[in-house]
file run-v5.tsv (TSV, C-alpha atoms)
chain	number	residue	atom	x	y	z
A	1	MET	CA	-26.66	-5.47	-43.01
A	2	GLY	CA	-26.32	-1.83	-41.91
A	3	GLU	CA	-28.04	-0.06	-39.04
A	4	GLU	CA	-31.83	-0.09	-39.06
A	5	ILE	CA	-34.59	1.90	-37.40
A	6	THR	CA	-38.21	0.90	-36.84
A	7	LEU	CA	-41.16	3.11	-37.78
A	8	ASN	CA	-44.62	2.46	-36.33
A	9	ILE	CA	-47.00	4.07	-38.79
A	10	THR	CA	-50.78	4.51	-38.40
A	11	ARG	CA	-52.69	3.02	-41.34
A	12	TYR	CA	-56.31	3.68	-42.19
A	13	ASN	CA	-58.19	2.69	-45.31
A	14	PRO	CA	-61.74	4.15	-45.45
A	15	ASP	CA	-62.74	1.52	-48.03
A	16	LYS	CA	-61.94	-1.36	-45.67
A	17	ASP	CA	-63.33	-1.99	-42.19
A	18	GLY	CA	-63.19	1.60	-40.92
A	19	LYS	CA	-60.62	0.80	-38.22
A	20	TYR	CA	-57.10	2.10	-38.01
A	21	THR	CA	-54.07	-0.07	-37.33
A	22	THR	CA	-50.38	0.43	-36.68
A	23	GLN	CA	-47.89	-1.08	-39.10
A	24	ARG	CA	-44.19	-1.63	-38.34
A	25	TYR	CA	-41.53	-0.98	-40.95
A	26	SER	CA	-37.80	-1.57	-40.50
A	27	ILE	CA	-35.80	0.70	-42.75
A	28	PRO	CA	-32.09	1.51	-43.17
A	29	TYR	CA	-30.92	4.19	-40.75
A	30	LYS	CA	-29.29	7.19	-42.40
A	31	ASN	CA	-27.99	9.91	-40.15
A	32	ASP	CA	-29.08	12.73	-42.47
A	33	TRP	CA	-32.56	11.40	-43.29
A	34	SER	CA	-35.62	13.32	-42.21
A	35	ILE	CA	-38.79	11.48	-41.19
A	36	LEU	CA	-40.19	12.48	-44.58
A	37	ASP	CA	-37.20	10.82	-46.31
A	38	ALA	CA	-37.95	7.69	-44.27
A	39	LEU	CA	-41.62	7.77	-45.32
A	40	ASN	CA	-40.58	8.23	-48.95
A	41	TYR	CA	-38.31	5.18	-48.58
A	42	VAL	CA	-41.21	3.11	-47.19
A	43	LYS	CA	-43.47	4.21	-50.04
A	44	ALA	CA	-40.84	3.61	-52.76
A	45	GLU	CA	-39.35	0.36	-51.47
A	46	LEU	CA	-41.71	-1.36	-49.05
A	47	ASP	CA	-45.33	-0.28	-49.38
A	48	GLY	CA	-46.59	1.87	-52.23
A	49	SER	CA	-50.04	2.21	-50.65
A	50	LEU	CA	-48.79	4.39	-47.77
A	51	THR	CA	-50.52	7.78	-48.07
A	52	TYR	CA	-49.26	11.11	-46.70
A	53	ARG	CA	-48.97	14.75	-47.77
A	54	TRP	CA	-45.74	16.50	-48.61
A	55	SER	CA	-44.42	19.05	-51.05
A	56	CYS	CA	-41.52	21.46	-50.55
A	57	ARG	CA	-39.22	19.45	-48.20
A	58	MET	CA	-37.92	22.67	-46.63
A	59	ALA	CA	-40.47	23.66	-43.98
A	60	VAL	CA	-42.18	26.25	-46.12
A	61	CYS	CA	-45.34	24.64	-47.53
A	62	GLY	CA	-46.60	23.22	-44.22
A	63	SER	CA	-48.00	20.05	-45.82
A	64	CYS	CA	-46.06	17.31	-44.04
A	65	GLY	CA	-47.20	17.86	-40.45
A	66	MET	CA	-47.70	14.61	-38.50
A	67	MET	CA	-47.57	13.38	-34.93
A	68	VAL	CA	-44.03	12.13	-34.31
A	69	ASN	CA	-43.84	10.22	-31.03
A	70	GLY	CA	-46.97	12.08	-29.92
A	71	THR	CA	-45.80	15.61	-30.81
A	72	PRO	CA	-46.95	17.57	-33.87
A	73	ARG	CA	-43.91	18.09	-36.10
A	74	LEU	CA	-43.08	18.94	-39.70
A	75	THR	CA	-41.61	15.64	-40.89
A	76	CYS	CA	-39.33	17.34	-43.44
A	77	SER	CA	-37.45	19.13	-40.68
A	78	THR	CA	-37.47	16.34	-38.07
A	79	TYR	CA	-34.56	13.95	-38.40
A	80	LEU	CA	-34.14	10.27	-37.60
A	81	ASN	CA	-30.96	11.00	-35.64
A	82	GLU	CA	-33.08	12.72	-32.98
A	83	PHE	CA	-34.63	9.35	-32.09
A	84	TYR	CA	-32.17	6.66	-33.18
A	85	PRO	CA	-31.86	3.86	-32.01
A	86	LYS	CA	-35.36	4.10	-30.50
A	87	GLU	CA	-38.46	3.32	-32.54
A	88	ILE	CA	-40.44	6.20	-34.03
A	89	THR	CA	-44.24	6.35	-33.98
A	90	ILE	CA	-45.78	8.36	-36.80
A	91	GLU	CA	-49.51	9.19	-36.64
A	92	PRO	CA	-51.80	11.62	-38.47
A	93	LEU	CA	-52.14	15.06	-36.88
A	94	ALA	CA	-54.27	14.87	-33.74
A	95	ASN	CA	-57.67	16.61	-33.43
A	96	PHE	CA	-58.49	16.34	-37.16
A	97	PRO	CA	-60.63	13.72	-38.92
A	98	VAL	CA	-58.39	11.26	-40.77
A	99	ILE	CA	-59.04	10.66	-44.46
A	100	ARG	CA	-56.44	7.95	-45.11
A	101	ASP	CA	-53.26	6.76	-43.34
A	102	LEU	CA	-51.46	10.00	-42.42
A	103	VAL	CA	-53.69	12.42	-44.34
A	104	VAL	CA	-56.11	14.55	-42.35
A	105	ASP	CA	-59.12	16.61	-43.39
A	106	ILE	CA	-58.35	20.33	-42.88
A	107	ASN	CA	-61.55	21.69	-44.47
A	108	ASP	CA	-62.72	22.92	-41.07
A	109	PHE	CA	-59.51	24.92	-40.67
A	110	MET	CA	-59.79	26.39	-44.18
A	111	ALA	CA	-63.39	27.53	-43.57
A	112	LYS	CA	-62.42	29.14	-40.25
A	113	LEU	CA	-59.43	30.83	-41.85
A	114	LYS	CA	-61.68	32.48	-44.43
A	115	SER	CA	-64.11	33.62	-41.73
A	116	ALA	CA	-61.33	35.65	-40.04
A	117	LYS	CA	-60.77	37.62	-43.27
A	118	PRO	CA	-56.98	37.31	-43.38
A	119	TRP	CA	-56.44	40.00	-45.96
A	120	ILE	CA	-56.18	43.80	-45.96
A	121	ILE	CA	-59.59	45.45	-45.71
A	122	ARG	CA	-60.11	49.12	-46.57
A	123	LYS	CA	-63.18	51.12	-45.59
A	124	ASN	CA	-63.18	52.64	-49.03
A	125	LYS	CA	-63.50	49.59	-51.30
A	126	ARG	CA	-62.00	51.53	-54.22
A	127	ASP	CA	-58.67	51.53	-52.30
A	128	GLU	CA	-58.53	47.73	-52.61
A	129	ASP	CA	-58.74	47.89	-56.40
A	130	ASP	CA	-56.46	50.88	-56.86
A	131	THR	CA	-53.02	49.28	-57.37
A	132	SER	CA	-51.33	52.61	-58.09
A	133	LYS	CA	-51.73	53.81	-54.51
A	134	GLU	CA	-48.81	53.31	-52.09
A	135	TYR	CA	-49.24	52.60	-48.37
A	136	LEU	CA	-45.87	53.26	-46.76
A	137	GLN	CA	-44.96	51.63	-43.48
A	138	THR	CA	-42.22	52.26	-40.98
A	139	THR	CA	-40.21	49.30	-39.64
A	140	GLY	CA	-41.84	49.93	-36.27
A	141	GLN	CA	-45.31	49.53	-37.83
A	142	MET	CA	-44.21	46.34	-39.56
A	143	ASP	CA	-42.71	44.93	-36.34
A	144	LYS	CA	-46.22	44.92	-34.84
A	145	TYR	CA	-47.41	42.12	-37.12
A	146	TYR	CA	-44.31	40.63	-38.78
A	147	GLN	CA	-44.05	37.59	-36.48
A	148	GLN	CA	-47.54	36.40	-37.45
A	149	THR	CA	-46.81	36.73	-41.18
A	150	LEU	CA	-44.48	33.73	-40.81
A	151	CYS	CA	-47.43	31.33	-40.35
A	152	ILE	CA	-47.41	28.60	-43.03
A	153	ASN	CA	-50.84	27.14	-42.15
A	154	CYS	CA	-49.28	23.80	-41.21
A	155	THR	CA	-51.97	23.30	-38.50
A	156	LEU	CA	-49.48	21.80	-36.01
A	157	CYS	CA	-50.89	24.29	-33.47
A	158	TYR	CA	-54.35	22.74	-33.90
A	159	ALA	CA	-52.95	19.27	-33.27
A	160	ALA	CA	-51.28	20.54	-30.08
A	161	CYS	CA	-54.33	22.41	-28.78
A	162	PRO	CA	-56.48	20.36	-26.37
A	163	VAL	CA	-59.18	23.06	-26.49
A	164	TYR	CA	-59.60	22.50	-30.25
A	165	GLY	CA	-59.61	18.74	-29.67
A	166	LEU	CA	-62.34	18.97	-27.04
A	167	HIS	CA	-64.28	21.83	-28.70
A	168	PRO	CA	-63.88	21.60	-32.49
A	169	ASP	CA	-65.95	24.79	-32.88
A	170	PHE	CA	-63.01	26.80	-31.43
A	171	LEU	CA	-61.48	29.04	-34.12
A	172	GLY	CA	-58.04	27.83	-33.14
A	173	PRO	CA	-54.56	29.31	-32.83
A	174	ALA	CA	-53.46	29.92	-36.44
A	175	VAL	CA	-56.73	31.55	-37.54
A	176	ILE	CA	-56.69	33.96	-34.59
A	177	ALA	CA	-52.97	34.66	-35.08
A	178	LEU	CA	-53.61	35.54	-38.73
A	179	GLY	CA	-56.62	37.70	-37.85
A	180	HIS	CA	-54.42	39.47	-35.30
A	181	ARG	CA	-51.71	39.90	-37.96
A	182	TYR	CA	-54.09	41.95	-40.16
A	183	ASN	CA	-55.58	43.83	-37.21
A	184	LYS	CA	-52.07	45.07	-36.37
A	185	ASP	CA	-51.26	46.09	-39.95
A	186	SER	CA	-51.26	49.89	-40.28
A	187	ARG	CA	-52.68	49.59	-43.83
A	188	ASP	CA	-55.72	47.63	-42.64
A	189	GLU	CA	-59.09	49.07	-41.60
A	190	GLY	CA	-60.99	45.82	-41.04
A	191	LYS	CA	-60.59	45.33	-37.30
A	192	ALA	CA	-64.31	45.78	-36.64
A	193	ASP	CA	-65.17	43.30	-39.43
A	194	ARG	CA	-62.98	40.64	-37.86
A	195	ARG	CA	-64.06	41.34	-34.29
A	196	GLU	CA	-67.39	39.56	-34.58
A	197	VAL	CA	-65.50	36.37	-35.46
A	198	LEU	CA	-62.34	36.71	-33.35
A	199	ALA	CA	-64.14	37.93	-30.22
A	200	SER	CA	-67.08	35.57	-30.61
A	201	GLU	CA	-68.01	32.72	-28.29
A	202	HIS	CA	-65.85	30.39	-30.39
A	203	GLY	CA	-63.03	32.89	-30.75
A	204	VAL	CA	-60.33	34.12	-28.40
A	205	TRP	CA	-62.35	33.66	-25.21
A	206	LYS	CA	-62.41	29.91	-25.67
A	207	CYS	CA	-58.62	29.78	-25.36
A	208	THR	CA	-57.51	28.71	-21.87
A	209	VAL	CA	-53.82	29.51	-22.45
A	210	VAL	CA	-52.38	26.00	-22.52
A	211	GLY	CA	-49.56	27.44	-24.65
A	212	ASP	CA	-48.62	24.29	-26.57
A	213	CYS	CA	-49.53	25.97	-29.88
A	214	THR	CA	-46.52	28.23	-29.40
A	215	GLU	CA	-44.26	25.37	-28.33
A	216	VAL	CA	-44.89	23.31	-31.50
A	217	CYS	CA	-44.93	26.17	-34.03
A	218	PRO	CA	-42.07	25.51	-36.48
A	219	LYS	CA	-41.99	29.19	-37.51
A	220	HIS	CA	-42.06	30.73	-34.01
A	221	VAL	CA	-45.26	32.61	-34.77
A	222	ASP	CA	-46.29	32.49	-31.08
A	223	PRO	CA	-50.05	32.10	-31.67
A	224	SER	CA	-50.66	31.95	-27.92
A	225	ALA	CA	-49.38	35.52	-27.47
A	226	ALA	CA	-51.40	36.67	-30.51
A	227	ILE	CA	-54.57	35.21	-28.94
A	228	GLN	CA	-53.93	36.86	-25.57
A	229	ARG	CA	-53.22	40.21	-27.25
A	230	THR	CA	-56.46	39.90	-29.21
A	231	LYS	CA	-58.23	39.27	-25.89
A	232	VAL	CA	-56.74	42.50	-24.51
A	233	ASP	CA	-57.83	44.42	-27.65
A	234	SER	CA	-61.30	42.90	-27.41
A	235	ALA	CA	-61.63	43.75	-23.70
A	236	ILE	CA	-60.49	47.36	-24.27
A	237	ASN	CA	-62.97	47.71	-27.14
A	238	TRP	CA	-65.78	46.31	-24.97
A	239	PHE	CA	-64.87	48.71	-22.16
A	240	PHE	CA	-64.94	51.78	-24.38
A	241	SER	CA	-68.10	50.72	-26.19
A	242	PHE	CA	-69.69	50.20	-22.73
A	243	LEU	CA	-68.66	53.71	-21.66
A	244	THR	CA	-69.61	55.48	-24.86
A	245	GLY	CA	-72.55	53.35	-25.94
A	246	ARG	CA	-71.15	52.93	-29.45
A	247	LYS	CA	-70.94	49.51	-31.09
B	1	MET	CA	-67.08	12.77	-44.01
B	2	ALA	CA	-64.66	14.65	-46.21
B	3	HIS	CA	-65.37	15.50	-49.82
B	4	SER	CA	-62.84	15.06	-52.58
B	5	MET	CA	-62.79	15.44	-56.34
B	6	ASN	CA	-62.34	12.24	-58.33
B	7	SER	CA	-59.60	13.09	-60.84
B	8	ILE	CA	-60.99	10.63	-63.44
B	9	SER	CA	-64.74	11.22	-63.25
B	10	GLY	CA	-64.51	14.83	-62.07
B	11	LYS	CA	-67.28	14.15	-59.54
B	12	THR	CA	-67.17	15.10	-55.88
B	13	GLU	CA	-67.15	12.02	-53.64
B	14	ALA	CA	-67.67	11.64	-49.92
B	15	THR	CA	-64.83	9.93	-48.05
B	16	LYS	CA	-65.43	8.14	-44.76
B	17	THR	CA	-63.17	9.72	-42.16
B	18	TYR	CA	-62.49	8.78	-38.57
B	19	ARG	CA	-61.92	10.99	-35.57
B	20	ARG	CA	-59.86	9.65	-32.71
B	21	ASP	CA	-61.46	9.78	-29.27
B	22	ILE	CA	-59.87	11.98	-26.62
B	23	PRO	CA	-59.75	10.11	-23.29
B	24	ASN	CA	-60.65	11.92	-20.07
B	25	THR	CA	-57.05	11.41	-18.99
B	26	TRP	CA	-55.67	13.46	-21.93
B	27	TRP	CA	-54.07	15.90	-19.49
B	28	LEU	CA	-51.87	13.14	-18.06
B	29	LYS	CA	-50.22	12.47	-21.42
B	30	LYS	CA	-47.95	15.50	-21.51
B	31	GLY	CA	-46.16	17.48	-18.84
B	32	SER	CA	-47.39	20.80	-20.25
B	33	TYR	CA	-51.03	19.61	-20.22
B	34	PHE	CA	-50.63	18.46	-16.60
B	35	LEU	CA	-49.15	21.82	-15.56
B	36	PHE	CA	-52.03	23.58	-17.35
B	37	ILE	CA	-54.63	21.57	-15.40
B	38	LEU	CA	-52.66	22.25	-12.20
B	39	ARG	CA	-52.87	25.99	-12.97
B	40	GLU	CA	-56.63	25.71	-13.54
B	41	ILE	CA	-57.04	23.84	-10.23
B	42	SER	CA	-54.88	26.44	-8.46
B	43	SER	CA	-57.55	29.07	-9.15
B	44	VAL	CA	-59.90	27.12	-6.83
B	45	PHE	CA	-57.38	27.65	-4.02
B	46	VAL	CA	-57.07	31.34	-4.92
B	47	ALA	CA	-60.87	31.62	-4.55
B	48	LEU	CA	-60.73	29.67	-1.27
B	49	TYR	CA	-58.16	32.08	0.12
B	50	ALA	CA	-60.36	35.04	-0.88
B	51	ILE	CA	-63.34	33.42	0.90
B	52	PHE	CA	-61.26	32.88	4.06
B	53	LEU	CA	-60.22	36.53	3.97
B	54	LEU	CA	-63.87	37.62	3.64
B	55	ILE	CA	-64.88	35.38	6.55
B	56	GLN	CA	-62.22	37.03	8.72
B	57	LEU	CA	-63.28	40.53	7.67
B	58	CYS	CA	-66.94	39.71	8.45
B	59	ALA	CA	-65.87	38.36	11.85
B	60	LEU	CA	-63.90	41.54	12.49
B	61	SER	CA	-66.95	43.67	11.79
B	62	GLY	CA	-68.96	41.49	14.19
B	63	GLY	CA	-67.03	42.55	17.25
B	64	GLN	CA	-64.08	41.32	19.34
B	65	GLU	CA	-65.71	38.15	20.68
B	66	ARG	CA	-66.77	36.94	17.24
B	67	TYR	CA	-63.38	37.75	15.77
B	68	GLU	CA	-61.49	35.89	18.49
B	69	SER	CA	-63.60	32.75	18.08
B	70	THR	CA	-63.03	32.88	14.29
B	71	ALA	CA	-59.31	33.50	14.78
B	72	ALA	CA	-59.14	30.43	17.04
B	73	VAL	CA	-60.46	28.28	14.18
B	74	PHE	CA	-57.88	29.77	11.80
B	75	LYS	CA	-55.07	29.02	14.26
B	76	SER	CA	-55.95	25.31	14.49
B	77	GLY	CA	-53.48	22.76	13.06
B	78	TRP	CA	-55.58	21.62	10.10
B	79	MET	CA	-56.25	25.23	9.10
B	80	ILE	CA	-52.52	26.02	9.12
B	81	ILE	CA	-51.83	22.95	6.96
B	82	LEU	CA	-54.63	24.00	4.59
B	83	HIS	CA	-53.16	27.51	4.37
B	84	VAL	CA	-49.73	26.08	3.50
B	85	VAL	CA	-51.38	24.07	0.67
B	86	ILE	CA	-53.28	27.20	-0.45
B	87	TRP	CA	-50.05	29.23	-0.35
B	88	VAL	CA	-48.27	26.70	-2.61
B	89	PHE	CA	-51.10	26.80	-5.18
B	90	VAL	CA	-51.43	30.60	-5.03
B	91	MET	CA	-47.67	30.92	-5.62
B	92	TYR	CA	-47.91	28.54	-8.58
B	93	ASN	CA	-50.87	30.48	-9.98
B	94	MET	CA	-48.95	33.73	-9.61
B	95	VAL	CA	-45.77	32.42	-11.25
B	96	THR	CA	-47.66	31.06	-14.27
B	97	TRP	CA	-49.63	34.27	-14.80
B	98	PHE	CA	-46.54	36.44	-14.40
B	99	ARG	CA	-44.94	34.33	-17.14
B	100	ILE	CA	-48.03	34.62	-19.37
B	101	SER	CA	-48.26	38.39	-18.83
B	102	GLY	CA	-44.71	38.63	-20.19
B	103	ARG	CA	-45.88	36.84	-23.30
B	104	ILE	CA	-48.90	39.12	-23.74
B	105	PHE	CA	-47.34	42.49	-23.07
B	106	GLY	CA	-43.76	41.68	-23.98
B	107	ALA	CA	-43.87	43.24	-27.44
B	108	LYS	CA	-41.35	45.84	-28.57
B	109	PRO	CA	-40.03	48.06	-27.00
B	110	LEU	CA	-40.61	45.81	-23.94
B	111	SER	CA	-39.40	42.23	-23.83
B	112	PRO	CA	-41.29	39.29	-22.24
B	113	VAL	CA	-38.53	38.86	-19.64
B	114	LEU	CA	-38.66	42.56	-18.72
B	115	VAL	CA	-42.46	42.43	-18.20
B	116	THR	CA	-42.21	39.26	-16.09
B	117	ILE	CA	-39.35	40.67	-13.99
B	118	SER	CA	-41.32	43.92	-13.48
B	119	ASN	CA	-44.20	41.86	-12.10
B	120	TYR	CA	-41.89	40.13	-9.63
B	121	ILE	CA	-40.38	43.47	-8.54
B	122	ILE	CA	-43.83	45.00	-7.93
B	123	TRP	CA	-44.91	41.86	-6.06
B	124	LEU	CA	-41.75	42.01	-3.91
B	125	ILE	CA	-42.20	45.72	-3.08
B	126	VAL	CA	-45.89	45.24	-2.16
B	127	SER	CA	-45.06	42.16	-0.04
B	128	ILE	CA	-42.26	43.95	1.82
B	129	GLY	CA	-44.62	46.91	2.39
B	130	ILE	CA	-47.31	44.63	3.88
B	131	ILE	CA	-44.78	42.79	6.08
B	132	PHE	CA	-43.44	46.16	7.26
B	133	LEU	CA	-46.97	47.36	8.14
B	134	LEU	CA	-47.72	44.10	10.00
B	135	LEU	CA	-44.50	44.22	12.02
B	136	LYS	CA	-45.00	47.89	12.77
B	137	GLY	CA	-48.52	47.22	14.04

call {"tool": "encode", "arguments": {"input": "run-v5.tsv", "output": "structure tokens"}}
result
Amino acid sequence: MGEEITLNITRYNPDKDGKYTTQRYSIPYKNDWSILDALNYVKAELDGSLTYRWSCRMAVCGSCGMMVNGTPRLTCSTYLNEFYPKEITIEPLANFPVIRDLVVDINDFMAKLKSAKPWIIRKNKRDEDDTSKEYLQTTGQMDKYYQQTLCINCTLCYAACPVYGLHPDFLGPAVIALGHRYNKDSRDEGKADRREVLASEHGVWKCTVVGDCTEVCPKHVDPSAAIQRTKVDSAINWFFSFLTGRK
Amino acid sequence: MAHSMNSISGKTEATKTYRRDIPNTWWLKKGSYFLFILREISSVFVALYAIFLLIQLCALSGGQERYESTAAVFKSGWMIILHVVIWVFVMYNMVTWFRISGRIFGAKPLSPVLVTISNYIIWLIVSIGIIFLLLKG
């Protein structure tokens, strides 16, 4: 018998009694296994009914986010050796409704993402269709938004954000960070279009700067800074519109 | 409720979801949440200090007798202890916001550390200036 490690996994079956439980699994300990490898072992060898999302296994797709010992993590890039010999508790991402076992419902996030219009907007709509036109950028212009392009929509920042947990109508870190990304893009002209969403009651002003979104981000997007910078932009815009009377 | 497509029938079905309750003690679960709440509470002490300052200014405008009686209250033991507590919270509030300002304004060509250090330098210069004025007076 080799070394073993215990996983405490949250189970929920909507077709049963509507209550969630925690199930313990003892699995072989492998130094180079990620949590996702361990879950795949459980599903293949111990319990085929265990349900969770995963895809790329290399921290790119953002599907395998779960709470690992209470912290939102990508399970493909979190390794057993970080916790061994202690037990590991694996739960679905916090602050989201749970569909089954470790799978959460991110429809709310997807709808909010669309509302922030995370794409390049041109005032002249013909520009958007004209693929022959080039929009050159300097490295300095690209630096202004590059960090936010790294977002993989894994929603770990939502699971870490107590404001989103307490006020689910809050737009949330990733959506604002992506809105900010396009606002800072020199090719974009849609800042005013996004403002009514980003600077709304449920937008940036709901953020109380807890900062955990930045701490858990696996791609170092720093959504907290993006939110605060959007607040500054919004305040400056309000100030000038107050002075000039323009909207 | 979440809605999903049944891969066999092709129909959209409603799935019963559950949302976990957030206890009122959520901020005790993580160190960063606790420090956040502490920062929020510290703003109450910042406001309290501002109120005390206004009270003293009002007393000053009310003449020497009124100011001296107000000053006597502020020199009492419990008031000094309260001011030490206020000072600790105001310092904590300042440190956290200096750190956050680095994050907000620390984009290229500036760095977050440079912005935060600049705040401390300005704070130090202003403090030394005030101490100098007080000692001179």

call {"tool": "closest_atom_pairs", "arguments": {"input": "run-v5.tsv", "of": "chain B", "to": "chain A", "cutoff": "9 Å", "atoms": "all atoms listed in the file", "output": "tab-separated table"}}
result
residue	atom	partner	partner_atom	distance
B:Met1	CA	A:Pro97	CA	8.3
B:Ala2	CA	A:Asp105	CA	6.5
B:Thr15	CA	A:Ile99	CA	6.9
B:Lys16	CA	A:Pro14	CA	5.5
B:Thr17	CA	A:Ile99	CA	4.8
B:Tyr18	CA	A:Val98	CA	5.3
B:Arg19	CA	A:Pro97	CA	4.5
B:Arg20	CA	A:Asn95	CA	7.3
B:Asp21	CA	A:Asn95	CA	8.8
B:Ile22	CA	A:Gly165	CA	7.4
B:Trp26	CA	A:Pro162	CA	8.2
B:Trp27	CA	A:Pro162	CA	8.5
B:Ser32	CA	A:Asp212	CA	7.3
B:Tyr33	CA	A:Val210	CA	6.9
B:Leu35	CA	A:Val210	CA	8.7
B:Phe36	CA	A:Val210	CA	5.7
B:Ile37	CA	A:Val210	CA	8.7
B:Glu40	CA	A:Thr208	CA	8.9
B:Ile100	CA	A:Ala225	CA	8.3
B:Ser101	CA	A:Gln228	CA	8.9
B:Arg103	CA	A:Ala225	CA	5.6
B:Ile104	CA	A:Ala225	CA	5.2
B:Phe105	CA	A:Arg229	CA	7.6
B:Ala107	CA	A:Lys144	CA	7.9
B:Lys108	CA	A:Asp143	CA	7.9

call {"tool": "write_last_selection", "arguments": {"input": "run-v5.tsv", "atoms": "C-alpha atoms", "output": "PDB file, keeping the file's coordinate frame"}}
result
ATOM      1  CA  MET B   1     -67.080  12.770 -44.010  1.00  0.00           C
ATOM      2  CA  ALA B   2     -64.660  14.650 -46.210  1.00  0.00           C
ATOM      3  CA  THR B  15     -64.830   9.930 -48.050  1.00  0.00           C
ATOM      4  CA  LYS B  16     -65.430   8.140 -44.760  1.00  0.00           C
ATOM      5  CA  THR B  17     -63.170   9.720 -42.160  1.00  0.00           C
ATOM      6  CA  TYR B  18     -62.490   8.780 -38.570  1.00  0.00           C
ATOM      7  CA  ARG B  19     -61.920  10.990 -35.570  1.00  0.00           C
ATOM      8  CA  ARG B  20     -59.860   9.650 -32.710  1.00  0.00           C
ATOM      9  CA  ASP B  21     -61.460   9.780 -29.270  1.00  0.00           C
ATOM     10  CA  ILE B  22     -59.870  11.980 -26.620  1.00  0.00           C
ATOM     11  CA  TRP B  26     -55.670  13.460 -21.930  1.00  0.00           C
ATOM     12  CA  TRP B  27     -54.070  15.900 -19.490  1.00  0.00           C
ATOM     13  CA  SER B  32     -47.390  20.800 -20.250  1.00  0.00           C
ATOM     14  CA  TYR B  33     -51.030  19.610 -20.220  1.00  0.00           C
ATOM     15  CA  LEU B  35     -49.150  21.820 -15.560  1.00  0.00           C
ATOM     16  CA  PHE B  36     -52.030  23.580 -17.350  1.00  0.00           C
ATOM     17  CA  ILE B  37     -54.630  21.570 -15.400  1.00  0.00           C
ATOM     18  CA  GLU B  40     -56.630  25.710 -13.540  1.00  0.00           C
ATOM     19  CA  ILE B 100     -48.030  34.620 -19.370  1.00  0.00           C
ATOM     20  CA  SER B 101     -48.260  38.390 -18.830  1.00  0.00           C
ATOM     21  CA  ARG B 103     -45.880  36.840 -23.300  1.00  0.00           C
ATOM     22  CA  ILE B 104     -48.900  39.120 -23.740  1.00  0.00           C
ATOM     23  CA  PHE B 105     -47.340  42.490 -23.070  1.00  0.00           C
ATOM     24  CA  ALA B 107     -43.870  43.240 -27.440  1.00  0.00           C
ATOM     25  CA  LYS B 108     -41.350  45.840 -28.570  1.00  0.00           C
TER      26      LYS B 108
END

call {"tool": "closest_residue", "arguments": {"input": "run-v5.tsv", "among": "A:Leu150, A:Ile121, A:Leu198, A:Leu136", "to": "Cys61 in chain A", "atoms": "all atoms listed in the file"}}
result
A:Leu150

call {"tool": "residues_around", "arguments": {"input": "run-v5.tsv", "residues": "Ser115 in chain A", "least_positions_apart": "3", "cutoff": "8 Å", "atoms": "all atoms listed in the file", "output": "short mmCIF file (atom, residue, chain, number, x, y, z; two decimals) with C-alpha atoms, in the coordinates of the input"}}
result
data_model
loop_
_atom_site.label_atom_id
_atom_site.label_comp_id
_atom_site.auth_asym_id
_atom_site.auth_seq_id
_atom_site.Cartn_x
_atom_site.Cartn_y
_atom_site.Cartn_z
CA ALA A 111 -63.39 27.53 -43.57
CA LYS A 112 -62.42 29.14 -40.25
CA VAL A 197 -65.50 36.37 -35.46
#

call {"tool": "residues_around", "arguments": {"input": "run-v5.tsv", "residues": "Val90 in chain B", "least_positions_apart": "6", "cutoff": "7 Å", "atoms": "all atoms listed in the file", "output": "list of chain:residue names"}}
result
B:Ser42, B:Phe45, B:Val46

call {"tool": "atom_distance", "arguments": {"input": "run-v5.tsv", "atom1": "CA of Cys76 in chain A", "atom2": "CA of Cys64 in chain A"}}
result
6.8 Å

call {"tool": "residues_near_point", "arguments": {"input": "run-v5.tsv", "point": "(-53.5, 27.4, -41.8)", "cutoff": "7 Å", "atoms": "only C-alpha atoms", "output": "list in words"}}
result
Phe109, Met110, Leu113, Ile152, Asn153, Cys154, Thr155, Ala174 and Val175 of chain A

call {"tool": "atom_distance", "arguments": {"input": "run-v5.tsv", "atom1": "CA of Tyr158 in chain A", "atom2": "CA of Lys29 in chain B"}}
result
16.7 Å

call {"tool": "atom_distance", "arguments": {"input": "run-v5.tsv", "atom1": "CA of Ala159 in chain A", "atom2": "CA of Pro72 in chain A"}}
result
6.3 Å

call {"tool": "closest_residue", "arguments": {"input": "run-v5.tsv", "among": "A:Asp17, A:Glu4, A:Asp233, A:Glu134", "to": "Ala38 in chain A", "atoms": "all atoms listed in the file"}}
result
A:Glu4

call {"tool": "residues_around", "arguments": {"input": "run-v5.tsv", "residues": "Leu57 in chain B", "least_positions_apart": "5", "cutoff": "9 Å", "atoms": "all atoms listed in the file", "output": "PyMOL selection string"}}
result
chain B and resi 52+62+67

call {"tool": "closest_residue", "arguments": {"input": "run-v5.tsv", "among": "A:Met66, A:Ala192, A:Val221, A:Leu178", "to": "Lys123 in chain A", "atoms": "all atoms listed in the file"}}
result
A:Ala192

call {"tool": "closest_residue", "arguments": {"input": "run-v5.tsv", "among": "B:His83, B:Ala72, B:Asn24, B:Met94", "to": "Leu53 in chain B", "atoms": "only C-alpha atoms"}}
result
B:His83
